[in-house]
Amino acid sequence: HSAFYETAMTYRKAVGPPEAYYREAIQYVAYTSLSDLSEEARYSLATDLSLAALTGEGVFNFGEVVTAQALQCLEGTDLSYLGELLSAGARGDVLGFQRVADAHAAAIQLQPSLVSRAEAVKEKITLLALVNMIFERPSLERTLSFEDISDRVAVPLDQVEWVIMRALSLKLIKGTMDQVEQTVDVTWVMPRVLDNKQMSELASRFGEWAVKVSKTQEYMLEHTGALLNQ
């Protein structure tokens, strides 16, 4: 598998597009021991994979890259900001992403793919902010107001409808939008790889759910006799 994906990855790096390279590279990383690669090869792979994730059309699962061992190759280097951008994107942190981008503006200008696809990257981070906002809500509390979305994804209120429609069209979420009430009722959000913090938050929500189920069970046991005797 490793040799196959390496060949496919190399081909896609030469001819593109970045999203196709990303699909092959993430598989290559999964089937390859990084210890078998030279330091230069690991650095090149981490750089190319990060850029492909940021700029590739339809690539929204940043968690795959953030949790990949390959990304650690960039820590402490001039390109460490790529990992910071990906981490902020994975969290849906628009303001955090912008802070990193501003702090490394000169370095980013040296990356043609980031410069040429700057607007697409900005849109991607906005959509990821919406996805994370929904994911952080309990499943029974996923009716969101346009105003709350505007605050979280950092766009003007009059652009929220477009953000929701874009997320729906890309199948990042499913649900219905009420333009009169200015709300969106989300019934599904795309699955993705979670980092340790997100896993902890999910575990906490499972714990809360288990407590509610237990209380419901106790209530039913306590009142079943009374209900049957009516």
# chains A, B, ... in the order shown; residues from 1 in each chain; ligands from 1
>>> residues_around(residues="A:Ile26", least_positions_apart="2", cutoff="10 Å", atoms="only C-alpha atoms", output="list in words")
Tyr5, Met9, Tyr21, Tyr22, Arg23, Glu24, Tyr28, Val29, Ala30, Tyr31, Leu45, Leu49, Ala53, Glu64, Val65, Ala68 and Ala70 of chain A
>>> closest_atom_pairs(of="stretch 28-93 of chain A", to="stretch 146-159 of chain A", cutoff="12 Å", atoms="only C-alpha atoms", output="Markdown table")
| residue | atom | partner | partner_atom | distance |
| --- | --- | --- | --- | --- |
| A:Gly89 | CA | A:Val153 | CA | 11.4 |
| A:Arg91 | CA | A:Val153 | CA | 11.6 |
| A:Gly92 | CA | A:Val153 | CA | 8.0 |
| A:Asp93 | CA | A:Val153 | CA | 8.0 |
>>> select_by_dssp(residues="stretch 54-157 of chain A", states="alpha helix (DSSP H)", output="PyMOL selection string")
chain A and resi 54-55+63-66+80-91+94-103+105-108+112-116+118-135+146-153
>>> residues_around(residues="A:Leu140", least_positions_apart="2", cutoff="12 Å", atoms="only C-alpha atoms", output="list in words")
Ile134, Phe135, Glu136, Arg137, Pro138, Arg142, Thr143, Leu144, Asp185, Val186, Thr187, Trp188 and Trp209 of chain A
>>> select_by_dssp(residues="stretch 18-216 of chain A", states="strand (DSSP E)", output="PyMOL selection string")
chain A and resi 143-145+173-178+183-189
>>> atom_distance(atom1="atom CA of A:Val163", atom2="atom CA of A:Ala107")
29.0 Å
>>> residues_around(residues="A:Arg99", least_positions_apart="2", cutoff="12 Å", atoms="only C-alpha atoms", output="PDB file with all heavy atoms, in the first residue's frame")
ATOM      1  N   TYR A  81       4.132  27.607  11.496  1.00  0.00           N
ATOM      2  CA  TYR A  81       2.846  28.317  11.438  1.00  0.00           C
ATOM      3  C   TYR A  81       1.790  27.531  10.664  1.00  0.00           C
ATOM      4  O   TYR A  81       0.577  27.725  10.886  1.00  0.00           O
ATOM      5  CB  TYR A  81       3.020  29.711  10.821  1.00  0.00           C
ATOM      6  CG  TYR A  81       3.346  29.719   9.348  1.00  0.00           C
ATOM      7  CD1 TYR A  81       2.330  29.707   8.400  1.00  0.00           C
ATOM      8  CD2 TYR A  81       4.663  29.740   8.901  1.00  0.00           C
ATOM      9  CE1 TYR A  81       2.618  29.719   7.038  1.00  0.00           C
ATOM     10  CE2 TYR A  81       4.963  29.742   7.561  1.00  0.00           C
ATOM     11  CZ  TYR A  81       3.938  29.734   6.631  1.00  0.00           C
ATOM     12  OH  TYR A  81       4.236  29.731   5.284  1.00  0.00           O
ATOM     13  N   GLU A  84      -0.024  25.585  13.117  1.00  0.00           N
ATOM     14  CA  GLU A  84      -0.866  26.471  13.923  1.00  0.00           C
ATOM     15  C   GLU A  84      -2.130  26.861  13.156  1.00  0.00           C
ATOM     16  O   GLU A  84      -3.227  26.936  13.734  1.00  0.00           O
ATOM     17  CB  GLU A  84      -0.078  27.722  14.308  1.00  0.00           C
ATOM     18  CG  GLU A  84       1.114  27.448  15.214  1.00  0.00           C
ATOM     19  CD  GLU A  84       1.933  28.706  15.463  1.00  0.00           C
ATOM     20  OE1 GLU A  84       1.359  29.806  15.446  1.00  0.00           O
ATOM     21  OE2 GLU A  84       3.165  28.589  15.653  1.00  0.00           O
ATOM     22  N   LEU A  85      -1.983  27.114  11.867  1.00  0.00           N
ATOM     23  CA  LEU A  85      -3.161  27.433  11.046  1.00  0.00           C
ATOM     24  C   LEU A  85      -4.124  26.256  10.998  1.00  0.00           C
ATOM     25  O   LEU A  85      -5.353  26.433  11.129  1.00  0.00           O
ATOM     26  CB  LEU A  85      -2.723  27.795   9.625  1.00  0.00           C
ATOM     27  CG  LEU A  85      -1.988  29.121   9.434  1.00  0.00           C
ATOM     28  CD1 LEU A  85      -1.503  29.254   7.990  1.00  0.00           C
ATOM     29  CD2 LEU A  85      -2.890  30.307   9.789  1.00  0.00           C
ATOM     30  N   ALA A  88      -5.932  25.831  14.399  1.00  0.00           N
ATOM     31  CA  ALA A  88      -6.989  26.831  14.566  1.00  0.00           C
ATOM     32  C   ALA A  88      -8.186  26.498  13.678  1.00  0.00           C
ATOM     33  O   ALA A  88      -9.346  26.630  14.095  1.00  0.00           O
ATOM     34  CB  ALA A  88      -6.457  28.227  14.230  1.00  0.00           C
ATOM     35  N   GLY A  89      -7.909  26.043  12.451  1.00  0.00           N
ATOM     36  CA  GLY A  89      -8.992  25.662  11.552  1.00  0.00           C
ATOM     37  C   GLY A  89      -9.769  24.474  12.065  1.00  0.00           C
ATOM     38  O   GLY A  89     -10.999  24.427  11.977  1.00  0.00           O
ATOM     39  N   ASP A  93     -11.660  28.135  14.968  1.00  0.00           N
ATOM     40  CA  ASP A  93     -11.302  29.391  15.636  1.00  0.00           C
ATOM     41  C   ASP A  93     -10.900  30.419  14.582  1.00  0.00           C
ATOM     42  O   ASP A  93      -9.728  30.523  14.215  1.00  0.00           O
ATOM     43  CB  ASP A  93     -10.157  29.128  16.615  1.00  0.00           C
ATOM     44  CG  ASP A  93      -9.766  30.360  17.427  1.00  0.00           C
ATOM     45  OD1 ASP A  93     -10.351  31.436  17.197  1.00  0.00           O
ATOM     46  OD2 ASP A  93      -8.874  30.234  18.291  1.00  0.00           O
ATOM     47  N   VAL A  94     -11.865  31.193  14.117  1.00  0.00           N
ATOM     48  CA  VAL A  94     -11.617  32.163  13.054  1.00  0.00           C
ATOM     49  C   VAL A  94     -10.622  33.229  13.498  1.00  0.00           C
ATOM     50  O   VAL A  94      -9.680  33.567  12.773  1.00  0.00           O
ATOM     51  CB  VAL A  94     -12.937  32.825  12.600  1.00  0.00           C
ATOM     52  CG1 VAL A  94     -12.661  33.913  11.568  1.00  0.00           C
ATOM     53  CG2 VAL A  94     -13.888  31.792  12.032  1.00  0.00           C
ATOM     54  N   LEU A  95     -10.830  33.778  14.678  1.00  0.00           N
ATOM     55  CA  LEU A  95      -9.960  34.845  15.161  1.00  0.00           C
ATOM     56  C   LEU A  95      -8.543  34.318  15.434  1.00  0.00           C
ATOM     57  O   LEU A  95      -7.562  34.997  15.148  1.00  0.00           O
ATOM     58  CB  LEU A  95     -10.550  35.474  16.426  1.00  0.00           C
ATOM     59  CG  LEU A  95     -11.920  36.147  16.243  1.00  0.00           C
ATOM     60  CD1 LEU A  95     -12.390  36.755  17.556  1.00  0.00           C
ATOM     61  CD2 LEU A  95     -11.859  37.221  15.159  1.00  0.00           C
ATOM     62  N   GLY A  96      -8.456  33.103  15.966  1.00  0.00           N
ATOM     63  CA  GLY A  96      -7.150  32.500  16.201  1.00  0.00           C
ATOM     64  C   GLY A  96      -6.408  32.259  14.900  1.00  0.00           C
ATOM     65  O   GLY A  96      -5.201  32.474  14.806  1.00  0.00           O
ATOM     66  N   PHE A  97      -7.129  31.802  13.882  1.00  0.00           N
ATOM     67  CA  PHE A  97      -6.544  31.587  12.561  1.00  0.00           C
ATOM     68  C   PHE A  97      -6.012  32.906  12.004  1.00  0.00           C
ATOM     69  O   PHE A  97      -4.899  32.955  11.465  1.00  0.00           O
ATOM     70  CB  PHE A  97      -7.595  31.006  11.618  1.00  0.00           C
ATOM     71  CG  PHE A  97      -7.072  30.611  10.269  1.00  0.00           C
ATOM     72  CD1 PHE A  97      -6.654  29.311  10.017  1.00  0.00           C
ATOM     73  CD2 PHE A  97      -6.998  31.531   9.230  1.00  0.00           C
ATOM     74  CE1 PHE A  97      -6.164  28.932   8.774  1.00  0.00           C
ATOM     75  CE2 PHE A  97      -6.513  31.173   7.984  1.00  0.00           C
ATOM     76  CZ  PHE A  97      -6.100  29.874   7.757  1.00  0.00           C
ATOM     77  N   ALA A 101      -2.222  34.054  10.955  1.00  0.00           N
ATOM     78  CA  ALA A 101      -1.990  34.544   9.600  1.00  0.00           C
ATOM     79  C   ALA A 101      -1.340  35.927   9.619  1.00  0.00           C
ATOM     80  O   ALA A 101      -0.420  36.201   8.836  1.00  0.00           O
ATOM     81  CB  ALA A 101      -3.297  34.582   8.825  1.00  0.00           C
ATOM     82  N   ASP A 102      -1.799  36.789  10.502  1.00  0.00           N
ATOM     83  CA  ASP A 102      -1.232  38.138  10.594  1.00  0.00           C
ATOM     84  C   ASP A 102       0.203  38.096  11.105  1.00  0.00           C
ATOM     85  O   ASP A 102       1.070  38.839  10.623  1.00  0.00           O
ATOM     86  CB  ASP A 102      -2.087  39.001  11.536  1.00  0.00           C
ATOM     87  CG  ASP A 102      -3.448  39.335  10.949  1.00  0.00           C
ATOM     88  OD1 ASP A 102      -3.613  39.186   9.717  1.00  0.00           O
ATOM     89  OD2 ASP A 102      -4.347  39.724  11.715  1.00  0.00           O
ATOM     90  N   ALA A 103       0.451  37.223  12.070  1.00  0.00           N
ATOM     91  CA  ALA A 103       1.793  37.137  12.666  1.00  0.00           C
ATOM     92  C   ALA A 103       2.817  36.599  11.682  1.00  0.00           C
ATOM     93  O   ALA A 103       4.017  36.883  11.800  1.00  0.00           O
ATOM     94  CB  ALA A 103       1.751  36.261  13.923  1.00  0.00           C
ATOM     95  N   HIS A 104       2.359  35.827  10.692  1.00  0.00           N
ATOM     96  CA  HIS A 104       3.282  35.209   9.735  1.00  0.00           C
ATOM     97  C   HIS A 104       2.956  35.639   8.296  1.00  0.00           C
ATOM     98  O   HIS A 104       3.175  34.878   7.355  1.00  0.00           O
ATOM     99  CB  HIS A 104       3.209  33.687   9.852  1.00  0.00           C
ATOM    100  CG  HIS A 104       3.589  33.167  11.201  1.00  0.00           C
ATOM    101  ND1 HIS A 104       4.893  32.929  11.563  1.00  0.00           N
ATOM    102  CD2 HIS A 104       2.828  32.862  12.286  1.00  0.00           C
ATOM    103  CE1 HIS A 104       4.933  32.482  12.811  1.00  0.00           C
ATOM    104  NE2 HIS A 104       3.695  32.430  13.275  1.00  0.00           N
ATOM    105  N   ALA A 105       2.470  36.866   8.174  1.00  0.00           N
ATOM    106  CA  ALA A 105       2.034  37.359   6.865  1.00  0.00           C
ATOM    107  C   ALA A 105       3.162  37.311   5.829  1.00  0.00           C
ATOM    108  O   ALA A 105       2.942  36.925   4.672  1.00  0.00           O
ATOM    109  CB  ALA A 105       1.503  38.788   6.996  1.00  0.00           C
TER     110      ALA A 105
END
>>> residues_around(residues="A:Asp78", least_positions_apart="3", cutoff="12 Å", atoms="only C-alpha atoms", output="ChimeraX atom specification")
/A:43,47,73-75,81-84,104,106-108,110
>>> atom_distance(atom1="atom CA of A:Glu19", atom2="atom CA of A:Glu57")
5.7 Å
>>> closest_residue(among="A:Gly58, A:Leu86, A:Ser214, A:Ile125", to="A:Leu170", atoms="only C-alpha atoms")
A:Gly58
>>> atom_distance(atom1="atom CA of A:Ser35", atom2="atom CA of A:Leu79")
20.5 Å
>>> closest_residue(among="A:Phe60, A:Ser44, A:Lys122, A:Ala52", to="A:Lys171", atoms="only C-alpha atoms")
A:Phe60
